[in-house]
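Have a look at the structure below before the remarks.
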Amino acid sequence: MHHVVLERWSRGASPLHRRDPRAKLFALAVFLVTLATARRNLVILAPLLFLLLAAGLLRARIPLGSALVRAGVVFTFTVPFAIISYLTGDPARASSMLLKSYLSALAVLLLVSTTPVPALLRGFEAVGAPRFLLMVAQFLYRYLFVISEEAQHMRKAALARGATARATLARHAKFQAAAGAVGALFARSYGRAEDIHRAMLARGFSGRFPAATPLRFARADAFFAALAAVAPVLARLAAERVA
Amino acid sequence: MHIPDGFLSTPVWAAMDAAALPAVAVAVRRAQRSFEDSRIPLLGVMGAFVFAAQMINFPVGVGTSSHLVGGALLAFTLGPAPACVVMAAILAIQSLVFQDGGMLALGANVFNMAIAGVFAGYLPYHWFGNGPWRRPAIFAGGALSVLVSAALALTELLLSHTPIPRAALGLSGVVFLVSAALEGAITLAVAQSLETIQPNFIRKPAARRYASVTLGAAAVLLAAVGVVFASTAPDGIEKITRVQAADPTTWLGKAEAGLAGVAIIYAVCLAIGRVVTRHRSA
């Protein structure tokens, strides 16, 4: 499954993995804004930024090929719009959409594949995002795969009971069966949440997670942040100068 | 439908980020009032439930299937503000972990689905959720939440000059209506199955919820006006943005404007956060 790969990647041990999440978030923000506001010479800028991200992925020892494929999920949204743009006589916009959406996704992927999600959310908290929301996100991520597995078990069980036998059930009955499955999943999730809550209270949960290791913004992080912020801006300056 | 980065023009995504962040801050505050901190696990697990429920397919006709989107259902079960927080967390995780939706466009996606979608979905239930119109209200809530989210997303794309020919516009309108009706039907069916499992899963609409009602009505209005306005006269916005964007050759100015905008949004949110936390501790 998706998360297993990403979890493994994000727990690597490269200099990029060791950087403070705040520094990486700052670098990502500069990269995304630099890319999003670029209008001219994207054909030159895009390969430069791509090289930058590829260098980052290689430095972090992330398998380049599978990372590039993974970021390609944006194309399911982008390609139809790009085709329409191309057909309506705006190939520049079509290529801009494809390049910008892909590079943005790849940049986010570089961040999450070098930063475990809990560390990432702590980075967000450190830059001022509401703690309540981040804790909800953290629980969501923690139980996402548990509940998904439960849903898959339910689907398998339904198949075993003949849910695919086409002739046996009217469409309406199948619809009702699916609604019943979602309802059951809801009830199980709700019950599980209450169990989790009680178990956490029993272990002294006070409403916040104590940090195992405090975030530390070292000199290397400052250096990294400066370098990673300057690089895309320089790339863009160079691309615009060529024209 | 999660908008990736690279689609929305800078004024649009910046404005949506600026609109979404304070709105989420307010929703978080309201959710915190009704759910003490230690019940956070419930919201997180229900978010995971919405994710997982999308794996269960509803047969809808010739070989196709649909799935639950979930914003309205969460609003009926958890209340609108907690539902808004859960949906925002879902969108953030989708954008970060699954590259589904852009980071800069996260504000737009959160606004469309977590804020406008949830509160618009809650609106019919708030008005009619207690009487003989309860079932139609649940259906309408599901349908409205999808319709409003989709209309807002379309508006944002049109304002960003994404070329969408008339024919495609009409087609997407039909698709939106169909998927809205499906979400309504699925929400109603799931709500009924929940009531047979345990009647108090679906909350009774609270008597006084002026803020939720206002937000919901505003979201519906915005979606309706926005999509009409954007599909007929997107150049109006173009003119407004051009005033500040000045000359395209001075890109540095533009990038600075973008960065300054981000900085301002950030400062405003931080200030709001400070005020909120001070208020809570006082």
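Residues in the structure tokens are named by chain (A, B, ... in the order shown) and by number from 1 within that chain; ligands are numbered from 1 in the order shown.
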Near A:Gly123, counting only C-alpha atoms, which residues have an atom at most 9 Å away, once you skip same-chain residues fewer than 5 positions from it, shown as a CSV table (one decimal) with N, CA and C atoms, in the first residue's frame?
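This is the output file out-v3.csv:
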```csv
chain,number,residue,atom,x,y,z
A,20,ASP,N,15.5,20.3,10.2
A,20,ASP,CA,14.3,20.6,11.0
A,20,ASP,C,13.1,20.8,10.0
A,21,PRO,N,11.9,20.3,10.5
A,21,PRO,CA,10.8,20.4,9.6
A,21,PRO,C,10.4,21.8,9.2
A,22,ARG,N,10.7,22.8,10.2
A,22,ARG,CA,10.4,24.2,9.9
A,22,ARG,C,11.2,24.7,8.7
A,23,ALA,N,12.5,24.3,8.7
A,23,ALA,CA,13.3,24.7,7.6
A,23,ALA,C,12.8,24.2,6.2
A,24,LYS,N,12.4,22.9,6.3
A,24,LYS,CA,11.9,22.3,5.0
A,24,LYS,C,10.6,22.9,4.6
A,25,LEU,N,9.7,23.2,5.6
A,25,LEU,CA,8.4,23.9,5.2
A,25,LEU,C,8.7,25.2,4.5
A,118,PRO,N,4.4,12.8,11.7
A,118,PRO,CA,4.3,13.5,13.0
A,118,PRO,C,5.3,14.6,13.1
A,128,GLY,N,2.6,27.9,13.6
A,128,GLY,CA,1.4,28.6,14.0
A,128,GLY,C,0.1,28.0,13.6
A,215,LEU,N,12.0,20.1,19.0
A,215,LEU,CA,12.6,20.5,17.7
A,215,LEU,C,13.8,21.4,18.0
```
Return as a Markdown table the residues of stretch 70-107 of chain B lying at most 9 Å from stretch 57-80 of chain A, together with the closest atom-to-atom pair for each and the distance in Å to one decimal, counting only C-alpha atoms, with rows in chain order and ascending residue number.
```
| residue | atom | partner | partner_atom | distance |
| --- | --- | --- | --- | --- |
| B:Phe98 | CA | A:Val73 | CA | 8.5 |
| B:Gln99 | CA | A:Ala71 | CA | 6.8 |
| B:Asp100 | CA | A:Val74 | CA | 6.8 |
| B:Gly101 | CA | A:Val74 | CA | 7.8 |
```
Take the residues that were just selected and, keeping N, CA, C and O atoms, output them as a short mmCIF file (atom, residue, chain, number, x, y, z; two decimals), in the first residue's frame.
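Written out: part-v9.cif:
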```cif
data_model
loop_
_atom_site.label_atom_id
_atom_site.label_comp_id
_atom_site.auth_asym_id
_atom_site.auth_seq_id
_atom_site.Cartn_x
_atom_site.Cartn_y
_atom_site.Cartn_z
N PHE B 98 -0.90 12.11 -0.09
CA PHE B 98 -1.31 11.45 -1.33
C PHE B 98 -1.17 12.34 -2.56
O PHE B 98 -1.61 11.97 -3.64
N GLN B 99 -0.59 13.52 -2.39
CA GLN B 99 -0.43 14.47 -3.50
C GLN B 99 -1.76 14.69 -4.24
O GLN B 99 -1.80 14.88 -5.45
N ASP B 100 -2.85 14.65 -3.46
CA ASP B 100 -4.17 14.84 -4.05
C ASP B 100 -4.63 16.25 -3.67
O ASP B 100 -5.14 16.47 -2.58
N GLY B 101 -4.41 17.19 -4.57
CA GLY B 101 -4.69 18.59 -4.25
C GLY B 101 -3.41 19.31 -3.87
O GLY B 101 -2.57 18.75 -3.19
#
```
- Message: Quick check for you: according to DSSP on this backbone, which residues of stretch 18-233 of chain A are classed as helix (DSSP H, G or I)? Reply as a ChimeraX atom specification.
- Response: /A:18,21-36,42-59,64-87,91-114,117-126,131-160,166-168,171-202,219-233
- Item | Straight-line distance linking atom CA of B:Ile93 with atom CA of A:Ala137, stated in Å to one decimal |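 Result for atom CA of B:Ile93 versus atom CA of A:Ala137: 6.8 Å, one decimal.
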- Who sits within 10 Å of B:Gly117, only C-alpha atoms, same chain under 2 positions skipped, as a ChimeraX atom specification: /B:70-72,75,84,87,110-115,119-122,141-150,152,216,219-220,223
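Checking A:Leu120, A:Ala178, A:Ile44, A:Ala173 one by one against chain B, counting only C-alpha atoms, you find the shortest gap at A:Ala178.
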- Query: Using only C-alpha atoms, which of the listed residues (B:Arg33, B:Leu194, B:Ala23, B:Pro124) sits closest to chain A?
  - Reply: B:Leu194
- Item | Atom pair atom CA of B:Ile40 / atom CA of A:Phe139: separation (Å) | 7.9 Å
- Query: Hey, what's within 8 Å of A:Phe224 if we count only C-alpha atoms and toss same-chain stuff fewer than 3 positions away? As an NGL selection string, please?
  - Reply: :A and (19 or 23 or 220-221 or 227-228)
Given the selection you just returned, output its residues as a file containing C-alpha atoms, formatted as an mmCIF file, in the first residue's frame.
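Contents of the output file part_14.cif:
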```cif
data_model
loop_
_atom_site.group_PDB
_atom_site.id
_atom_site.type_symbol
_atom_site.label_atom_id
_atom_site.label_comp_id
_atom_site.auth_asym_id
_atom_site.auth_seq_id
_atom_site.Cartn_x
_atom_site.Cartn_y
_atom_site.Cartn_z
ATOM 1 C CA ARG A 19 16.807 18.871 8.725
ATOM 2 C CA ALA A 23 13.338 24.716 7.556
ATOM 3 C CA ALA A 220 22.802 23.473 9.452
ATOM 4 C CA ASP A 221 19.040 23.998 9.272
ATOM 5 C CA LEU A 227 20.237 27.459 0.256
ATOM 6 C CA ALA A 228 16.939 25.781 -0.587
#
```
- In terms of the shortest atom-to-atom distance over only C-alpha atoms, which of B:Ala206, B:Val178, B:Val69, B:Ala191 is closest to chain A?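 Nearest to chain A: B:Ala191.
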- Fewer than 5 positions away in the same chain doesn't count, so skip those; otherwise give me all residues within 7 Å of B:Ala52, counting only C-alpha atoms, as a ChimeraX atom specification. /A:147-148,151
Give me a file of those residues, with N, CA, C and O atoms, as a tab-separated table (two decimals), in the first residue's frame.
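So selection_33.tsv came out as:
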```
chain	number	residue	atom	x	y	z
A	147	ILE	N	-8.60	1.75	9.82
A	147	ILE	CA	-10.01	1.75	9.41
A	147	ILE	C	-10.14	1.29	7.96
A	147	ILE	O	-11.08	0.59	7.60
A	148	SER	N	-9.15	1.68	7.12
A	148	SER	CA	-9.21	1.25	5.72
A	148	SER	C	-9.13	-0.27	5.63
A	148	SER	O	-9.83	-0.89	4.83
A	151	ALA	N	-12.39	-1.66	6.42
A	151	ALA	CA	-13.31	-1.53	5.28
A	151	ALA	C	-13.04	-2.63	4.26
A	151	ALA	O	-13.97	-3.20	3.67
```
- Residues at most 6 Å from stretch 76-81 of chain B, counting only C-alpha atoms, excluding those fewer than 3 positions away in the same chain, as a list in words?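 After dropping sequence-adjacent residues, the list is Ala27, Ala31, Leu73, Cys84, Phe201, Ile202 and Arg203 of chain B.
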Could you write out the selected residues, including C-alpha atoms, as a PDB file, in the first residue's frame?
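The resulting file, selection05.pdb, is shown below:
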```pdb
ATOM      1  CA  ALA B  27     -14.343  26.399  13.159  1.00  0.00           C
ATOM      2  CA  ALA B  31     -15.327  22.643  17.676  1.00  0.00           C
ATOM      3  CA  LEU B  73     -22.921  13.120   6.956  1.00  0.00           C
ATOM      4  CA  CYS B  84     -15.465  21.285   9.180  1.00  0.00           C
ATOM      5  CA  PHE B 201     -25.689   8.875  16.025  1.00  0.00           C
ATOM      6  CA  ILE B 202     -27.546  11.501  14.026  1.00  0.00           C
ATOM      7  CA  ARG B 203     -27.811  14.613  16.154  1.00  0.00           C
TER       8      ARG B 203
END
```
- Atom pair atom CA of A:Ala187 / atom CA of B:Ser193: separation (Å):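 Computed distance, atom CA of A:Ala187 to atom CA of B:Ser193, equals 10.1 Å.
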- Task: Find the residues around A:Ala239 up to 8 Å (only C-alpha atoms counted), leave out those fewer than 5 positions away in its own chain, and share them as a ChimeraX atom specification.
- Result: /A:41-42,44-45
